[in-house]
file work.csv (CSV, C-alpha atoms)
chain,number,residue,atom,x,y,z
U,1,MET,CA,8.4,-20.9,43.1
U,2,ARG,CA,8.1,-17.2,42.2
U,3,PRO,CA,5.1,-16.1,40.1
U,4,LEU,CA,5.9,-15.0,36.5
U,5,THR,CA,5.8,-11.3,35.8
U,6,SER,CA,3.7,-10.0,32.9
U,7,LEU,CA,6.9,-9.3,30.9
U,8,VAL,CA,8.1,-12.8,31.3
U,9,ARG,CA,4.6,-14.2,30.5
U,10,THR,CA,4.5,-12.0,27.3
U,11,GLY,CA,7.9,-13.3,26.3
U,12,VAL,CA,6.8,-16.9,26.8
U,13,LEU,CA,3.6,-16.3,24.8
U,14,LEU,CA,5.6,-14.7,22.0
U,15,LEU,CA,8.1,-17.6,21.9
U,16,GLY,CA,5.2,-20.0,21.7
U,17,LEU,CA,3.6,-18.0,18.9
U,18,VAL,CA,6.9,-17.9,16.9
U,19,THR,CA,7.4,-21.6,17.4
U,20,ALA,CA,3.9,-22.4,16.2
U,21,LEU,CA,4.2,-20.1,13.2
U,22,SER,CA,7.6,-21.7,12.3
U,23,ALA,CA,6.0,-25.1,12.5
U,24,CYS,CA,3.1,-24.0,10.3
U,25,ARG,CA,5.5,-22.7,7.6
U,26,ALA,CA,7.5,-25.9,7.7
U,27,GLY,CA,4.4,-28.2,7.6
U,28,LEU,CA,5.2,-29.8,11.0
U,29,PRO,CA,2.6,-31.2,13.3
U,30,ILE,CA,1.4,-28.8,15.9
U,31,PRO,CA,0.2,-30.2,19.2
U,32,ARG,CA,-3.3,-29.0,20.1
U,33,SER,CA,-5.3,-29.8,23.2
U,34,ASP,CA,-9.1,-29.8,22.8
U,35,PRO,CA,-10.8,-30.8,26.0
U,36,SER,CA,-14.1,-32.4,25.0
U,37,PRO,CA,-17.2,-31.4,26.9
U,38,ALA,CA,-17.7,-35.1,28.0
U,39,THR,CA,-14.2,-35.2,29.5
U,40,PRO,CA,-14.4,-34.4,33.2
U,41,THR,CA,-12.1,-31.7,34.4
U,42,SER,CA,-9.3,-32.9,36.6
U,43,ASP,CA,-5.7,-32.4,37.4
U,44,SER,CA,-4.7,-34.8,34.6
U,45,ALA,CA,-3.4,-33.5,31.3
U,46,SER,CA,-5.9,-33.0,28.5
U,47,PRO,CA,-5.6,-35.3,25.5
U,48,VAL,CA,-3.4,-33.9,22.8
U,49,GLU,CA,-4.4,-34.0,19.2
U,50,THR,CA,-1.9,-33.5,16.4
U,51,GLN,CA,-2.8,-31.6,13.3
U,52,THR,CA,-0.6,-30.9,10.4
U,53,LEU,CA,-0.8,-27.5,8.7
U,54,THR,CA,1.0,-26.6,5.5
U,55,VAL,CA,1.3,-22.9,4.5
U,56,THR,CA,2.4,-22.1,1.1
U,57,SER,CA,4.6,-19.0,0.7
U,58,PRO,CA,3.6,-16.6,-2.0
U,59,ALA,CA,5.8,-16.7,-5.1
U,60,PRO,CA,8.8,-14.3,-4.9
U,61,THR,CA,8.4,-11.1,-6.7
U,62,SER,CA,10.7,-10.8,-9.7
U,63,SER,CA,10.8,-9.6,-13.3
U,64,SER,CA,8.7,-12.7,-14.1
U,65,ALA,CA,5.8,-11.2,-12.1
U,66,PRO,CA,2.5,-10.8,-13.9
U,67,GLY,CA,2.0,-7.5,-15.7
U,68,LEU,CA,0.8,-4.3,-14.1
U,69,GLU,CA,-2.9,-4.2,-13.4
U,70,PRO,CA,-4.7,-1.3,-15.0
U,71,ALA,CA,-7.4,-1.3,-12.3
U,72,ALA,CA,-4.7,-0.9,-9.5
U,73,ILE,CA,-3.0,1.9,-11.5
U,74,ASP,CA,-6.3,3.7,-11.9
U,75,ARG,CA,-7.1,3.2,-8.2
U,76,VAL,CA,-3.9,4.6,-6.8
U,77,PHE,CA,-3.8,7.5,-9.3
U,78,GLN,CA,-7.3,8.5,-8.4
U,79,VAL,CA,-6.4,8.5,-4.7
U,80,TYR,CA,-3.3,10.6,-5.4
U,81,MET,CA,-5.1,13.1,-7.7
U,82,ASN,CA,-8.1,13.5,-5.4
U,83,GLY,CA,-5.6,14.2,-2.6
U,84,LEU,CA,-4.2,17.0,-4.7
U,85,ALA,CA,-7.7,18.3,-5.8
U,86,ASN,CA,-9.2,18.1,-2.3
U,87,HIS,CA,-6.1,19.3,-0.4
U,88,ASP,CA,-6.2,16.0,1.5
U,89,MET,CA,-2.6,15.2,2.6
U,90,THR,CA,-3.6,11.8,4.0
U,91,ALA,CA,-4.8,10.7,0.6
U,92,LEU,CA,-1.9,12.3,-1.2
U,93,ARG,CA,0.6,10.5,1.1
U,94,SER,CA,-1.1,7.2,0.8
U,95,GLY,CA,-0.9,7.4,-3.0
U,96,THR,CA,2.7,8.6,-3.1
U,97,CYS,CA,5.5,6.0,-2.9
U,98,PRO,CA,7.2,5.8,0.5
U,99,ARG,CA,10.6,7.1,-0.8
U,100,LEU,CA,9.0,10.4,-1.9
U,101,ARG,CA,6.5,11.1,0.9
U,102,SER,CA,9.0,13.2,2.8
U,103,THR,CA,9.2,15.6,-0.2
U,104,LEU,CA,5.5,16.5,-0.2
U,105,LEU,CA,5.2,20.1,0.8
U,106,GLY,CA,1.7,21.0,-0.3
U,107,PHE,CA,-0.8,20.8,-3.1
U,108,GLU,CA,0.6,23.2,-5.7
U,109,LEU,CA,1.9,22.2,-9.1
U,110,HIS,CA,3.9,25.1,-10.5
U,111,GLY,CA,1.9,27.6,-8.4
U,112,HIS,CA,-1.5,26.2,-9.3
U,113,TYR,CA,-4.0,24.0,-7.5
U,114,VAL,CA,-5.8,21.1,-9.2
U,115,GLU,CA,-9.4,22.3,-9.8
U,116,ARG,CA,-10.4,19.1,-11.6
U,117,TRP,CA,-8.6,16.4,-13.5
U,118,GLN,CA,-9.2,13.6,-16.1
U,119,MET,CA,-6.9,10.7,-16.7
U,120,LEU,CA,-5.9,10.1,-20.3
U,121,PRO,CA,-5.7,6.7,-21.9
U,122,TYR,CA,-2.5,4.8,-21.4
U,123,THR,CA,-0.9,1.5,-22.3
U,124,VAL,CA,0.8,-0.9,-19.9
U,125,PRO,CA,4.1,-2.2,-21.3
U,126,SER,CA,4.8,-5.8,-20.6
U,127,GLY,CA,7.6,-6.7,-18.2
U,128,GLN,CA,7.7,-3.2,-16.7
U,129,GLU,CA,7.2,-2.4,-13.0
U,130,PHE,CA,6.1,1.2,-13.8
U,131,VAL,CA,4.0,3.1,-16.3
U,132,THR,CA,3.7,6.7,-17.3
U,133,VAL,CA,0.2,8.1,-16.9
U,134,GLN,CA,-1.1,11.5,-18.0
U,135,ALA,CA,-4.0,13.6,-16.9
U,136,THR,CA,-5.6,16.8,-18.2
U,137,VAL,CA,-5.6,19.1,-15.2
U,138,THR,CA,-7.7,22.2,-14.9
U,139,GLN,CA,-5.7,24.6,-12.8
U,140,ARG,CA,-6.6,27.3,-10.3
U,141,ASN,CA,-4.0,30.0,-9.5
U,142,ALA,CA,-2.9,29.4,-5.9
U,143,ARG,CA,-2.4,33.2,-5.2
U,144,THR,CA,-5.4,34.8,-7.0
U,145,GLY,CA,-7.9,31.9,-6.9
U,146,LYS,CA,-8.7,32.4,-10.6
U,147,LEU,CA,-9.0,29.6,-13.1
U,148,ALA,CA,-5.7,29.2,-15.1
U,149,GLY,CA,-6.6,26.8,-17.9
U,150,ASP,CA,-5.9,23.2,-18.7
U,151,VAL,CA,-2.6,21.5,-18.9
U,152,VAL,CA,-1.5,17.9,-19.4
U,153,TYR,CA,0.8,16.5,-16.7
U,154,SER,CA,2.5,13.2,-16.5
U,155,TRP,CA,3.3,10.9,-13.6
U,156,TYR,CA,5.0,7.6,-13.0
U,157,VAL,CA,2.9,4.9,-11.3
U,158,GLU,CA,4.9,1.9,-10.1
U,159,ARG,CA,4.4,-1.4,-8.4
U,160,SER,CA,6.7,-1.9,-5.4
U,161,GLU,CA,8.3,-5.2,-4.3
U,162,ASP,CA,5.3,-5.9,-2.0
U,163,THR,CA,3.0,-5.5,-5.1
U,164,ALA,CA,1.5,-2.2,-3.8
U,165,TYR,CA,1.0,0.5,-6.4
U,166,TYR,CA,2.2,4.1,-5.9
U,167,VAL,CA,2.5,7.4,-7.8
U,168,CYS,CA,6.3,7.8,-7.8
U,169,GLY,CA,7.2,10.9,-9.7
U,170,TRP,CA,5.6,13.9,-11.2
U,171,LEU,CA,7.0,14.7,-14.6
U,172,ASP,CA,6.8,18.3,-15.9
U,173,HIS,CA,3.8,19.6,-17.9
U,174,LYS,CA,3.5,19.8,-21.7

call {"tool": "encode", "arguments": {"input": "work.csv", "output": "structure tokens"}}
result
Amino acid sequence: MRPLTSLVRTGVLLLGLVTALSACRAGLPIPRSDPSPATPTSDSASPVETQTLTVTSPAPTSSSAPGLEPAAIDRVFQVYMNGLANHDMTALRSGTCPRLRSTLLGFELHGHYVERWQMLPYTVPSGQEFVTVQATVTQRNARTGKLAGDVVYSWYVERSEDTAYYVCGWLDHK
């Protein structure tokens, strides 16, 4: 008999893993061999113990999902705004929804950088998967470096199907 190549071994291991996971999800018994220390090692097969595992799937996301969480909204908005203020593209991208990440070009908002910001109070409407949040932004002119005053900007923060929160749209300033 020819020895198994590492690729074949990997395939066999993956197949076993998929089978075990499928069995877990279905609540089927999974054979498990646990040689006890008192059992002498020999060429005979180890005793097989059967254990039943049941895994409950999370409830499907739908319009009946619980309301938006203000703490999660605050957290993602802070990541996003600090990304703008600190010129940190990694933070900015992680706070931006995936469908808009490719549109990020830099840290300017209408030719100004965010010097500092403060989130304004907001309400979370029931049954919605997004909320409009506002922040007072102290701006710095990107060309001259001089402070350019305060302005109120608005953004959408939304919860995705996988319940992650993202900033998904910058609305114009007032």

call {"tool": "closest_residue", "arguments": {"input": "work.csv", "among": "U:Leu84, U:Arg159, U:Val137, U:Met89", "to": "Arg116 in chain U", "atoms": "only C-alpha atoms"}}
result
U:Val137

call {"tool": "atom_distance", "arguments": {"input": "work.csv", "atom1": "CA of Val76 in chain U", "atom2": "CA of Tyr166 in chain U"}}
result
6.2 Å

call {"tool": "residues_around", "arguments": {"input": "work.csv", "residues": "Val131 in chain U", "least_positions_apart": "4", "cutoff": "7 Å", "atoms": "all atoms listed in the file", "output": "VMD selection string"}}
result
chain U and resid 124 156 to 158

call {"tool": "atom_distance", "arguments": {"input": "work.csv", "atom1": "CA of Gln139 in chain U", "atom2": "CA of Glu69 in chain U"}}
result
28.9 Å

call {"tool": "residues_around", "arguments": {"input": "work.csv", "residues": "Ser126 in chain U", "least_positions_apart": "6", "cutoff": "9 Å", "atoms": "all atoms listed in the file", "output": "list of chain:residue names"}}
result
U:Pro66, U:Gly67, U:Leu68

call {"tool": "closest_residue", "arguments": {"input": "work.csv", "among": "U:Val114, U:Ala164, U:Cys97, U:Ala135", "to": "Leu147 in chain U", "atoms": "only C-alpha atoms"}}
result
U:Val114

call {"tool": "atom_distance", "arguments": {"input": "work.csv", "atom1": "CA of Gly95 in chain U", "atom2": "CA of Tyr153 in chain U"}}
result
16.5 Å

call {"tool": "decode", "arguments": {"input": "work.csv", "residues": "range 89-104 of chain U", "atoms": "all heavy atoms", "output": "tab-separated table (two decimals), in the first residue's frame"}}
result
chain	number	residue	atom	x	y	z
U	89	MET	N	-6.05	55.02	8.68
U	89	MET	CA	-6.87	54.37	7.66
U	89	MET	C	-7.37	52.99	8.12
U	89	MET	O	-8.47	52.58	7.78
U	89	MET	CB	-6.11	54.25	6.34
U	89	MET	CG	-6.97	53.79	5.19
U	89	MET	SD	-8.45	54.78	4.84
U	89	MET	CE	-7.76	56.16	3.94
U	90	THR	N	-6.58	52.29	8.93
U	90	THR	CA	-7.01	50.99	9.43
U	90	THR	C	-8.27	51.14	10.28
U	90	THR	O	-9.25	50.40	10.11
U	90	THR	CB	-5.89	50.32	10.25
U	90	THR	OG1	-4.74	50.19	9.41
U	90	THR	CG2	-6.31	48.96	10.75
U	91	ALA	N	-8.27	52.10	11.19
U	91	ALA	CA	-9.44	52.34	12.04
U	91	ALA	C	-10.61	52.83	11.19
U	91	ALA	O	-11.74	52.40	11.38
U	91	ALA	CB	-9.11	53.35	13.13
U	92	LEU	N	-10.33	53.74	10.27
U	92	LEU	CA	-11.39	54.28	9.43
U	92	LEU	C	-12.06	53.17	8.62
U	92	LEU	O	-13.28	53.08	8.55
U	92	LEU	CB	-10.82	55.35	8.50
U	92	LEU	CG	-11.82	56.14	7.67
U	92	LEU	CD1	-12.82	56.88	8.53
U	92	LEU	CD2	-11.07	57.12	6.76
U	93	ARG	N	-11.26	52.28	8.04
U	93	ARG	CA	-11.81	51.17	7.26
U	93	ARG	C	-12.60	50.20	8.15
U	93	ARG	O	-13.63	49.69	7.75
U	93	ARG	CB	-10.70	50.40	6.55
U	93	ARG	CG	-10.19	51.10	5.33
U	93	ARG	CD	-9.17	50.23	4.59
U	93	ARG	NE	-8.54	50.95	3.52
U	93	ARG	CZ	-9.08	51.20	2.35
U	93	ARG	NH1	-10.29	50.79	2.10
U	93	ARG	NH2	-8.43	51.88	1.44
U	94	SER	N	-12.10	49.93	9.34
U	94	SER	CA	-12.80	48.97	10.20
U	94	SER	C	-14.15	49.52	10.67
U	94	SER	O	-15.06	48.75	10.94
U	94	SER	CB	-11.94	48.57	11.39
U	94	SER	OG	-11.84	49.62	12.33
U	95	GLY	N	-14.29	50.83	10.76
U	95	GLY	CA	-15.56	51.41	11.15
U	95	GLY	C	-16.50	51.66	9.99
U	95	GLY	O	-17.68	51.94	10.19
U	96	THR	N	-15.99	51.57	8.76
U	96	THR	CA	-16.79	51.83	7.56
U	96	THR	C	-17.39	50.53	7.06
U	96	THR	O	-16.73	49.50	7.05
U	96	THR	CB	-15.90	52.44	6.45
U	96	THR	OG1	-15.32	53.64	6.94
U	96	THR	CG2	-16.70	52.74	5.20
U	97	CYS	N	-18.64	50.59	6.61
U	97	CYS	CA	-19.29	49.36	6.13
U	97	CYS	C	-18.53	48.84	4.90
U	97	CYS	O	-17.98	49.61	4.12
U	97	CYS	CB	-20.76	49.59	5.83
U	97	CYS	SG	-21.12	50.74	4.52
U	98	PRO	N	-18.52	47.53	4.75
U	98	PRO	CA	-17.74	46.91	3.67
U	98	PRO	C	-18.06	47.44	2.27
U	98	PRO	O	-17.16	47.59	1.45
U	98	PRO	CB	-18.08	45.43	3.79
U	98	PRO	CG	-18.43	45.24	5.23
U	98	PRO	CD	-19.10	46.52	5.63
U	99	ARG	N	-19.31	47.76	1.99
U	99	ARG	CA	-19.66	48.20	0.63
U	99	ARG	C	-19.10	49.58	0.30
U	99	ARG	O	-19.03	49.95	-0.86
U	99	ARG	CB	-21.18	48.16	0.43
U	99	ARG	CG	-21.95	49.22	1.16
U	99	ARG	CD	-23.45	49.14	0.83
U	99	ARG	NE	-24.17	50.16	1.53
U	99	ARG	CZ	-24.70	50.03	2.74
U	99	ARG	NH1	-24.58	48.88	3.37
U	99	ARG	NH2	-25.33	51.03	3.30
U	100	LEU	N	-18.67	50.35	1.30
U	100	LEU	CA	-18.12	51.69	1.04
U	100	LEU	C	-16.61	51.79	1.25
U	100	LEU	O	-16.03	52.82	0.98
U	100	LEU	CB	-18.82	52.73	1.94
U	100	LEU	CG	-20.31	52.93	1.68
U	100	LEU	CD1	-20.88	53.96	2.65
U	100	LEU	CD2	-20.56	53.36	0.25
U	101	ARG	N	-15.98	50.73	1.72
U	101	ARG	CA	-14.55	50.82	2.02
U	101	ARG	C	-13.71	51.18	0.80
U	101	ARG	O	-12.73	51.90	0.90
U	101	ARG	CB	-14.05	49.49	2.60
U	101	ARG	CG	-14.51	49.31	4.01
U	101	ARG	CD	-14.01	48.03	4.61
U	101	ARG	NE	-14.64	47.87	5.92
U	101	ARG	CZ	-14.83	46.71	6.49
U	101	ARG	NH1	-14.41	45.60	5.90
U	101	ARG	NH2	-15.42	46.64	7.65
U	102	SER	N	-14.10	50.70	-0.35
U	102	SER	CA	-13.31	50.99	-1.56
U	102	SER	C	-13.41	52.45	-1.97
U	102	SER	O	-12.61	52.92	-2.76
U	102	SER	CB	-13.78	50.10	-2.71
U	102	SER	OG	-15.11	50.40	-3.05
U	103	THR	N	-14.35	53.19	-1.42
U	103	THR	CA	-14.51	54.60	-1.78
U	103	THR	C	-13.69	55.53	-0.89
U	103	THR	O	-13.66	56.73	-1.14
U	103	THR	CB	-16.00	55.03	-1.72
U	103	THR	OG1	-16.45	54.96	-0.37
U	103	THR	CG2	-16.85	54.15	-2.61
U	104	LEU	N	-13.06	55.00	0.15
U	104	LEU	CA	-12.27	55.84	1.05
U	104	LEU	C	-11.01	56.30	0.35
U	104	LEU	O	-10.21	55.50	-0.09
U	104	LEU	CB	-11.91	55.07	2.32
U	104	LEU	CG	-13.07	54.67	3.23
U	104	LEU	CD1	-12.57	53.79	4.37
U	104	LEU	CD2	-13.75	55.90	3.79
